[in-house]
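> Following this line is model_33.cif, made up of mmCIF, C-alpha atoms:
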data_my_file
loop_
_atom_site.label_atom_id
_atom_site.label_comp_id
_atom_site.auth_asym_id
_atom_site.auth_seq_id
_atom_site.Cartn_x
_atom_site.Cartn_y
_atom_site.Cartn_z
CA MET Q 1 0.00 0.00 0.00
CA SER Q 2 1.71 3.22 -1.15
CA ARG Q 3 1.58 6.29 1.07
CA SER Q 4 2.54 9.90 0.46
CA PRO Q 5 5.40 11.50 2.42
CA LEU Q 6 2.78 13.55 4.28
CA PHE Q 7 1.43 10.37 5.85
CA GLY Q 8 4.66 9.81 7.79
CA LEU Q 9 4.65 13.42 8.97
CA TRP Q 10 1.06 13.04 10.14
CA LEU Q 11 1.93 9.91 12.15
CA ALA Q 12 4.81 11.70 13.83
CA PHE Q 13 2.56 14.69 14.60
CA ILE Q 14 -0.06 12.48 16.24
CA ALA Q 15 2.54 10.52 18.22
CA VAL Q 16 4.25 13.63 19.56
CA LEU Q 17 1.07 15.39 20.59
CA GLY Q 18 -0.49 12.25 22.05
CA LEU Q 19 -3.89 12.99 20.55
CA GLY Q 20 -6.76 10.71 21.41
CA ASN Q 21 -7.18 8.25 24.26
CA PRO Q 22 -3.71 6.86 25.11
CA ASP Q 23 -5.25 3.52 26.13
CA VAL Q 24 -6.54 2.77 22.64
CA SER Q 25 -4.68 5.19 20.36
CA VAL Q 26 -2.74 3.50 17.59
CA PHE Q 27 0.21 5.77 18.36
CA GLY Q 28 1.94 6.48 21.65
CA GLN Q 29 0.06 3.80 23.58
CA GLN Q 30 0.95 4.02 27.26
CA HIS Q 31 -1.53 1.83 29.13
CA SER Q 32 -2.87 -1.70 28.81
CA VAL Q 33 -6.13 -1.93 26.87
CA ARG Q 34 -7.10 -5.09 28.81
CA PRO Q 35 -5.17 -5.27 32.12
CA ASP Q 36 -6.77 -8.53 33.33
CA ILE Q 37 -7.00 -10.44 30.05
CA ASN Q 38 -4.01 -12.71 30.80
CA THR Q 39 -4.53 -13.36 34.50
CA HIS Q 40 -5.37 -17.02 33.86
CA TYR Q 41 -1.96 -17.62 32.29
CA GLN Q 42 0.20 -16.38 35.17
CA ASN Q 43 0.48 -19.88 36.64
CA PRO Q 44 -1.52 -22.11 34.29
CA ASP Q 45 -2.33 -25.79 34.67
CA PHE Q 46 -0.81 -27.02 31.42
CA ALA Q 47 -2.91 -30.19 31.13
CA GLN Q 48 -6.11 -28.22 31.72
CA TRP Q 49 -5.31 -25.69 29.01
CA GLN Q 50 -4.13 -28.36 26.58
CA ALA Q 51 -7.51 -30.06 26.96
CA ALA Q 52 -9.25 -26.72 26.33
CA PHE Q 53 -7.13 -25.62 23.37
CA GLU Q 54 -6.65 -28.94 21.60
CA ARG Q 55 -10.13 -30.40 21.43
CA PRO Q 56 -12.62 -31.24 18.70
CA GLY Q 57 -15.26 -28.52 18.41
CA ARG Q 58 -12.78 -25.66 18.77
CA GLU Q 59 -12.69 -24.20 15.28
CA VAL Q 60 -8.97 -23.48 15.06
CA TYR Q 61 -8.30 -27.05 16.19
CA ASP Q 62 -10.75 -28.59 13.72
CA GLN Q 63 -9.31 -26.45 10.91
CA ARG Q 64 -5.67 -26.67 12.04
CA HIS Q 65 -4.36 -28.39 8.90
CA ARG Q 66 -6.11 -25.93 6.58
CA ILE Q 67 -4.77 -23.06 8.68
CA VAL Q 68 -1.21 -24.36 8.37
CA GLN Q 69 -1.70 -24.71 4.61
CA GLU Q 70 -3.07 -21.19 4.20
CA ALA Q 71 -0.31 -19.71 6.36
CA GLY Q 72 2.15 -20.60 3.60
CA VAL Q 73 4.77 -22.27 5.79
CA ARG Q 74 7.61 -23.68 3.68
CA PRO Q 75 10.86 -25.58 4.28
CA GLY Q 76 13.67 -23.38 5.58
CA MET Q 77 11.43 -20.65 7.00
CA VAL Q 78 11.77 -19.17 10.46
CA VAL Q 79 8.28 -18.97 11.97
CA ALA Q 80 7.35 -17.28 15.24
CA ASP Q 81 4.23 -18.77 16.84
CA ILE Q 82 3.24 -15.78 18.98
CA GLY Q 83 0.99 -16.76 21.83
CA ALA Q 84 1.96 -20.37 21.26
CA GLY Q 85 -0.07 -21.60 24.23
CA THR Q 86 0.17 -25.37 24.50
CA GLY Q 87 1.98 -25.68 21.17
CA LEU Q 88 -0.78 -26.80 18.82
CA PHE Q 89 0.57 -24.88 15.83
CA THR Q 90 4.24 -24.92 16.87
CA LEU Q 91 4.21 -28.71 16.60
CA LEU Q 92 2.44 -28.57 13.22
CA PHE Q 93 4.88 -25.99 11.83
CA ALA Q 94 8.01 -27.88 12.94
CA PRO Q 95 7.86 -30.63 10.28
CA LYS Q 96 6.79 -28.12 7.64
CA VAL Q 97 9.87 -25.90 8.03
CA GLY Q 98 12.12 -28.94 8.22
CA PRO Q 99 15.62 -29.23 9.68
CA ALA Q 100 16.80 -26.14 7.76
CA GLY Q 101 14.03 -24.02 9.30
CA LYS Q 102 13.04 -23.04 12.79
CA VAL Q 103 9.88 -22.50 14.82
CA ILE Q 104 9.97 -20.16 17.82
CA ALA Q 105 7.27 -20.65 20.44
CA VAL Q 106 6.65 -17.21 21.95
CA ASP Q 107 4.43 -16.85 25.01
CA ILE Q 108 4.16 -14.74 28.14
CA SER Q 109 3.80 -17.92 30.24
CA PRO Q 110 7.01 -19.78 31.15
CA VAL Q 111 4.88 -22.84 31.92
CA PHE Q 112 3.55 -22.90 28.37
CA VAL Q 113 6.97 -22.36 26.78
CA ASP Q 114 8.65 -25.04 28.91
CA ASN Q 115 5.98 -27.58 28.08
CA VAL Q 116 5.98 -26.78 24.36
CA LEU Q 117 9.72 -27.43 24.33
CA ARG Q 118 9.15 -30.68 26.24
CA ARG Q 119 6.53 -31.81 23.74
CA SER Q 120 8.81 -30.86 20.86
CA ARG Q 121 11.65 -33.01 22.23
CA GLU Q 122 9.26 -35.90 22.86
CA GLN Q 123 8.13 -35.76 19.23
CA GLY Q 124 11.69 -35.58 17.95
CA PHE Q 125 11.69 -31.97 16.75
CA HIS Q 126 15.06 -30.25 17.21
CA ASN Q 127 14.12 -27.10 15.30
CA VAL Q 128 11.87 -25.59 17.99
CA GLN Q 129 13.00 -22.82 20.32
CA GLY Q 130 11.13 -20.98 23.06
CA ILE Q 131 10.94 -17.36 24.17
CA VAL Q 132 9.10 -15.97 27.19
CA ASN Q 133 8.10 -12.50 26.07
CA ARG Q 134 6.79 -9.36 27.75
CA PRO Q 135 3.30 -7.91 27.15
CA THR Q 136 4.91 -5.05 25.19
CA ASP Q 137 7.47 -6.96 23.09
CA VAL Q 138 7.85 -10.33 21.39
CA GLU Q 139 11.56 -10.30 22.33
CA LEU Q 140 12.72 -11.43 18.89
CA PRO Q 141 15.91 -10.05 17.28
CA PRO Q 142 15.47 -7.58 14.41
CA GLY Q 143 15.09 -9.16 10.99
CA SER Q 144 15.07 -12.70 12.38
CA ILE Q 145 11.77 -14.24 11.17
CA ASP Q 146 9.94 -14.85 7.90
CA LEU Q 147 6.45 -15.35 9.35
CA ALA Q 148 4.73 -14.14 12.49
CA PHE Q 149 1.72 -16.32 13.30
CA ILE Q 150 -0.91 -15.20 15.81
CA SER Q 151 -3.87 -17.49 16.48
CA ASP Q 152 -6.50 -16.65 19.11
CA THR Q 153 -4.00 -14.26 20.69
CA TYR Q 154 -4.40 -10.78 19.19
CA HIS Q 155 -7.28 -10.02 21.55
CA HIS Q 156 -4.93 -10.97 24.41
CA PHE Q 157 -2.45 -8.24 23.46
CA GLU Q 158 -2.53 -5.73 26.30
CA TYR Q 159 -0.38 -3.33 24.28
CA PRO Q 160 -1.31 -4.13 20.67
CA GLN Q 161 0.54 -1.23 19.07
CA LYS Q 162 3.79 -1.94 20.90
CA MET Q 163 3.50 -5.62 20.10
CA LEU Q 164 2.90 -4.88 16.43
CA GLN Q 165 5.91 -2.59 16.34
CA SER Q 166 8.10 -5.32 17.83
CA ILE Q 167 6.74 -7.86 15.34
CA GLN Q 168 7.46 -5.54 12.46
CA ARG Q 169 11.05 -5.13 13.67
CA ALA Q 170 11.47 -8.90 13.96
CA LEU Q 171 10.27 -9.61 10.41
CA ARG Q 172 12.66 -9.75 7.50
CA PRO Q 173 11.89 -7.48 4.52
CA GLY Q 174 8.69 -8.68 2.88
CA GLY Q 175 7.90 -10.93 5.85
CA MET Q 176 4.35 -12.05 6.51
CA LEU Q 177 1.99 -11.72 9.47
CA VAL Q 178 -0.97 -14.08 9.90
CA VAL Q 179 -3.72 -13.19 12.39
CA ILE Q 180 -6.57 -15.54 13.28
CA ASP Q 181 -9.07 -14.41 15.88
CA PHE Q 182 -12.72 -14.45 16.85
CA ASP Q 183 -14.98 -12.58 14.44
CA ARG Q 184 -16.69 -10.20 16.85
CA ARG Q 185 -20.05 -9.23 15.35
CA ALA Q 186 -22.74 -7.41 17.30
CA GLY Q 187 -26.01 -9.34 17.29
CA VAL Q 188 -24.29 -12.46 15.91
CA SER Q 189 -21.40 -13.42 18.18
CA SER Q 190 -21.97 -15.15 21.50
CA PRO Q 191 -22.15 -13.07 24.68
CA TRP Q 192 -18.78 -14.58 25.67
CA VAL Q 193 -17.08 -13.34 22.48
CA LEU Q 194 -18.72 -9.90 22.77
CA GLY Q 195 -17.52 -9.57 26.34
CA HIS Q 196 -14.09 -11.16 25.90
CA VAL Q 197 -12.85 -9.90 22.53
CA ARG Q 198 -11.88 -6.23 22.41
CA ALA Q 199 -12.10 -5.38 18.71
CA ASP Q 200 -13.93 -6.49 15.57
CA LYS Q 201 -12.14 -7.55 12.40
CA GLU Q 202 -12.32 -4.13 10.77
CA THR Q 203 -10.70 -2.49 13.81
CA VAL Q 204 -7.95 -5.12 13.88
CA ILE Q 205 -7.20 -4.52 10.19
CA GLU Q 206 -7.02 -0.76 10.80
CA GLU Q 207 -4.64 -1.22 13.74
CA ILE Q 208 -2.33 -3.55 11.84
CA ASP Q 209 -2.40 -1.37 8.74
CA ALA Q 210 -1.46 1.67 10.82
CA ALA Q 211 1.49 -0.29 12.24
CA GLY Q 212 2.99 -0.62 8.76
CA PHE Q 213 1.49 -3.79 7.31
CA GLU Q 214 -0.48 -4.33 4.11
CA LEU Q 215 -3.46 -6.70 4.05
CA VAL Q 216 -2.97 -9.26 1.27
CA ASP Q 217 -5.47 -12.01 2.17
CA ASP Q 218 -8.80 -12.21 3.99
CA LYS Q 219 -9.69 -15.90 3.76
CA ALA Q 220 -13.30 -16.94 4.35
CA PHE Q 221 -12.94 -20.63 5.27
CA LEU Q 222 -13.63 -20.13 8.99
CA GLN Q 223 -17.07 -19.58 10.52
CA ASP Q 224 -16.50 -18.11 13.98
CA ASN Q 225 -13.03 -16.74 13.31
CA TYR Q 226 -11.30 -14.78 10.57
CA PHE Q 227 -7.99 -15.45 8.81
CA LEU Q 228 -5.98 -12.40 7.78
CA ARG Q 229 -2.58 -12.31 6.12
CA PHE Q 230 -0.45 -9.17 5.98
CA ARG Q 231 2.85 -8.27 4.37
CA GLN Q 232 5.40 -6.06 6.03
CA GLU Q 233 5.57 -2.82 4.07
#
Now that the file is in, can you turn its structure into structure tokens?


Amino acid sequence: MSRSPLFGLWLAFIAVLGLGNPDVSVFGQQHSVRPDINTHYQNPDFAQWQAAFERPGREVYDQRHRIVQEAGVRPGMVVADIGAGTGLFTLLFAPKVGPAGKVIAVDISPVFVDNVLRRSREQGFHNVQGIVNRPTDVELPPGSIDLAFISDTYHHFEYPQKMLQSIQRALRPGGMLVVIDFDRRAGVSSPWVLGHVRADKETVIEEIDAAGFELVDDKAFLQDNYFLRFRQE
């Protein structure tokens, strides 16, 4: 998506002045937009969450193989599974990238990261690494990944703009960002989704676009979730 030079000046102007609500502003975000959203993951029961995340009837689990296919994971790629949870997608990506590639399980919970690494070793994958990140940063080196994958995690970002900035730094030129999350629709979504998920799809696209990504795919194969793919600009 091409932008005029004035666009960059406008962003800088907004950031410096701090216009808008700092809790939800795309620029200069200072405070968590959902301070309690990750309380359950401070000391999680891994077996309990594995049973919740990896079960038939959960759409991203039922569609996991199609999701991996649409994400475009190829041999030799470095993929960051951000919000890896119990490792559902980390363990599916590992054989796809092969021994020349790498999958990095990124999560704010040390319990999750430790157990994903354990499961990886048990399944014979030696191309999986783990990173315990902060709510404001994915803690990945600049220009280190080809694909950032975020499933059922964007709405758990307490500082979405800071996280997006850190993801953009971590991606190599032309790198891709895949976001899968609940499709929050007033009058359609369940009360749980309406109360739990902060933003609808259109808002998420606007936030990611403003962070310097270009939307290249909006796949319609999911019912309760959406699948978006972005390219780093």

> How many Å lie between CA of Gly85 in chain Q and CA of Val60 in chain Q, rounded to one decimal?

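Computed distance, CA of Gly85 in chain Q to CA of Val60 in chain Q, equals 12.9 Å.
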
> May I ask which of the residues Q:Ile205, Q:Gly174, Q:Val197, Q:Glu158 is the closest one to Glu233 in chain Q, counting only C-alpha atoms?

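Result for the nearest residue to Glu233 in chain Q: Q:Gly174.
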
> Closest to His196 in chain Q among Q:Ile104, Q:Gly57, Q:Glu122, Q:His155, using only C-alpha atoms?

Q:His155

> To test your reading of the syntax: which residues would the PyMOL selection byres ((chain Q and resi 88) around 9) return for the file shown? Reply as an mmCIF file with C-alpha atoms, keeping the file's coordinate frame.


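out21.cif, freshly written:
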data_model
loop_
_atom_site.group_PDB
_atom_site.id
_atom_site.type_symbol
_atom_site.label_atom_id
_atom_site.label_comp_id
_atom_site.auth_asym_id
_atom_site.auth_seq_id
_atom_site.Cartn_x
_atom_site.Cartn_y
_atom_site.Cartn_z
ATOM 1 C CA GLN Q 50 -4.130 -28.360 26.580
ATOM 2 C CA PHE Q 53 -7.130 -25.620 23.370
ATOM 3 C CA GLU Q 54 -6.650 -28.940 21.600
ATOM 4 C CA TYR Q 61 -8.300 -27.050 16.190
ATOM 5 C CA ARG Q 64 -5.670 -26.670 12.040
ATOM 6 C CA ALA Q 84 1.960 -20.370 21.260
ATOM 7 C CA GLY Q 85 -0.070 -21.600 24.230
ATOM 8 C CA THR Q 86 0.170 -25.370 24.500
ATOM 9 C CA GLY Q 87 1.980 -25.680 21.170
ATOM 10 C CA PHE Q 89 0.570 -24.880 15.830
ATOM 11 C CA THR Q 90 4.240 -24.920 16.870
ATOM 12 C CA LEU Q 91 4.210 -28.710 16.600
ATOM 13 C CA LEU Q 92 2.440 -28.570 13.220
ATOM 14 C CA VAL Q 116 5.980 -26.780 24.360
#

> What is the distance between CA of Phe227 in chain Q and CA of Ile150 in chain Q, in Å to one decimal?

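Computing the Euclidean distance for CA of Phe227 in chain Q and CA of Ile150 in chain Q yields 10.0 Å.
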
> For the structure shown, which residues end up in the PyMOL selection byres ((chain Q and resi 182-185) around 9)? Put them as a PyMOL selection string, please?

chain Q and resi 152+155+180-181+186-190+193-194+197-201+223-226

> On this file, the PyMOL selection byres ((chain Q and resi 65-72) around 10) gives some set of residues; write that set as number ranges by chain.

Q: 60-64, 73-74, 77, 89, 92-93, 96, 147-149, 151, 176-180, 217, 219, 221-222, 227-229

> Please, could you write that set of residues out with C-alpha atoms as a JSON list (two decimals), in the coordinates of the input?


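Below is the file part.json, written as the result:
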[["chain", "number", "residue", "atom", "x", "y", "z"],
["Q", 60, "VAL", "CA", -8.97, -23.48, 15.06],
["Q", 61, "TYR", "CA", -8.30, -27.05, 16.19],
["Q", 62, "ASP", "CA", -10.75, -28.59, 13.72],
["Q", 63, "GLN", "CA", -9.31, -26.45, 10.91],
["Q", 64, "ARG", "CA", -5.67, -26.67, 12.04],
["Q", 73, "VAL", "CA", 4.77, -22.27, 5.79],
["Q", 74, "ARG", "CA", 7.61, -23.68, 3.68],
["Q", 77, "MET", "CA", 11.43, -20.65, 7.00],
["Q", 89, "PHE", "CA", 0.57, -24.88, 15.83],
["Q", 92, "LEU", "CA", 2.44, -28.57, 13.22],
["Q", 93, "PHE", "CA", 4.88, -25.99, 11.83],
["Q", 96, "LYS", "CA", 6.79, -28.12, 7.64],
["Q", 147, "LEU", "CA", 6.45, -15.35, 9.35],
["Q", 148, "ALA", "CA", 4.73, -14.14, 12.49],
["Q", 149, "PHE", "CA", 1.72, -16.32, 13.30],
["Q", 151, "SER", "CA", -3.87, -17.49, 16.48],
["Q", 176, "MET", "CA", 4.35, -12.05, 6.51],
["Q", 177, "LEU", "CA", 1.99, -11.72, 9.47],
["Q", 178, "VAL", "CA", -0.97, -14.08, 9.90],
["Q", 179, "VAL", "CA", -3.72, -13.19, 12.39],
["Q", 180, "ILE", "CA", -6.57, -15.54, 13.28],
["Q", 217, "ASP", "CA", -5.47, -12.01, 2.17],
["Q", 219, "LYS", "CA", -9.69, -15.90, 3.76],
["Q", 221, "PHE", "CA", -12.94, -20.63, 5.27],
["Q", 222, "LEU", "CA", -13.63, -20.13, 8.99],
["Q", 227, "PHE", "CA", -7.99, -15.45, 8.81],
["Q", 228, "LEU", "CA", -5.98, -12.40, 7.78],
["Q", 229, "ARG", "CA", -2.58, -12.31, 6.12]]

> Counting only C-alpha atoms, which residues come within 12 Å of (12.1, -7.1, 24.1), with the point read in the file's coordinates, and could you list them as a list in words?

Val106, Ile108, Ile131, Val132, Asn133, Arg134, Pro135, Thr136, Asp137, Val138, Glu139, Leu140, Pro141, Pro142, Lys162, Met163, Gln165, Ser166, Ile167, Arg169 and Ala170 of chain Q

> Residues at most 10 Å from Pro35 in chain Q, counting all atoms listed in the file, excluding those fewer than 5 positions away in the same chain, as a list in words?

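Residues near the query, excluding close chain neighbours: His156, Phe157, Glu158 and Tyr159 of chain Q.
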
> Rounded to one decimal in Å, what is the spacing between CA of Gln232 in chain Q and CA of Pro95 in chain Q?

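Value for the CA of Gln232 in chain Q-CA of Pro95 in chain Q distance: 25.1 Å.
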
> Counting only C-alpha atoms, what is within 9 Å of Val111 in chain Q, bar same-chain residues fewer than 3 positions away, as a PyMOL selection string?

chain Q and resi 41-46+108+114-116

> So, counting all atoms listed in the file, which residue among Q:Gly83, Q:Val113, Q:Ile145, Q:Val78 is closest to Pro99 in chain Q?

Q:Val78

> Measuring between only C-alpha atoms, which one of Q:Thr203, Q:Asp36, Q:Thr153, Q:Leu215 shows the shortest distance to Asp107 in chain Q?

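Between Q:Thr203, Q:Asp36, Q:Thr153, Q:Leu215, the residue approaching Asp107 in chain Q most closely is Q:Thr153.
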
> Please complete range 197-208 of chain Q so it has N, CA and C atoms, and hand it over as a short mmCIF file (atom, residue, chain, number, x, y, z; two decimals), in the frame of the given file.


data_model
loop_
_atom_site.label_atom_id
_atom_site.label_comp_id
_atom_site.auth_asym_id
_atom_site.auth_seq_id
_atom_site.Cartn_x
_atom_site.Cartn_y
_atom_site.Cartn_z
N VAL Q 197 -13.68 -10.37 23.65
CA VAL Q 197 -12.85 -9.90 22.53
C VAL Q 197 -13.00 -8.39 22.40
N ARG Q 198 -11.87 -7.69 22.38
CA ARG Q 198 -11.88 -6.23 22.41
C ARG Q 198 -12.38 -5.60 21.12
N ALA Q 199 -11.90 -6.09 19.97
CA ALA Q 199 -12.10 -5.38 18.71
C ALA Q 199 -12.67 -6.30 17.63
N ASP Q 200 -13.43 -5.72 16.71
CA ASP Q 200 -13.93 -6.49 15.57
C ASP Q 200 -12.85 -6.56 14.49
N LYS Q 201 -13.13 -7.32 13.44
CA LYS Q 201 -12.14 -7.55 12.40
C LYS Q 201 -11.71 -6.25 11.74
N GLU Q 202 -12.64 -5.38 11.46
CA GLU Q 202 -12.32 -4.13 10.77
C GLU Q 202 -11.36 -3.28 11.61
N THR Q 203 -11.58 -3.24 12.92
CA THR Q 203 -10.70 -2.49 13.81
C THR Q 203 -9.30 -3.10 13.83
N VAL Q 204 -9.24 -4.43 13.88
CA VAL Q 204 -7.95 -5.12 13.88
C VAL Q 204 -7.18 -4.80 12.60
N ILE Q 205 -7.86 -4.84 11.46
CA ILE Q 205 -7.20 -4.52 10.19
C ILE Q 205 -6.67 -3.09 10.22
N GLU Q 206 -7.45 -2.15 10.73
CA GLU Q 206 -7.02 -0.76 10.80
C GLU Q 206 -5.79 -0.62 11.69
N GLU Q 207 -5.78 -1.31 12.82
CA GLU Q 207 -4.64 -1.22 13.74
C GLU Q 207 -3.37 -1.78 13.10
N ILE Q 208 -3.51 -2.92 12.44
CA ILE Q 208 -2.33 -3.55 11.84
C ILE Q 208 -1.85 -2.76 10.63
#
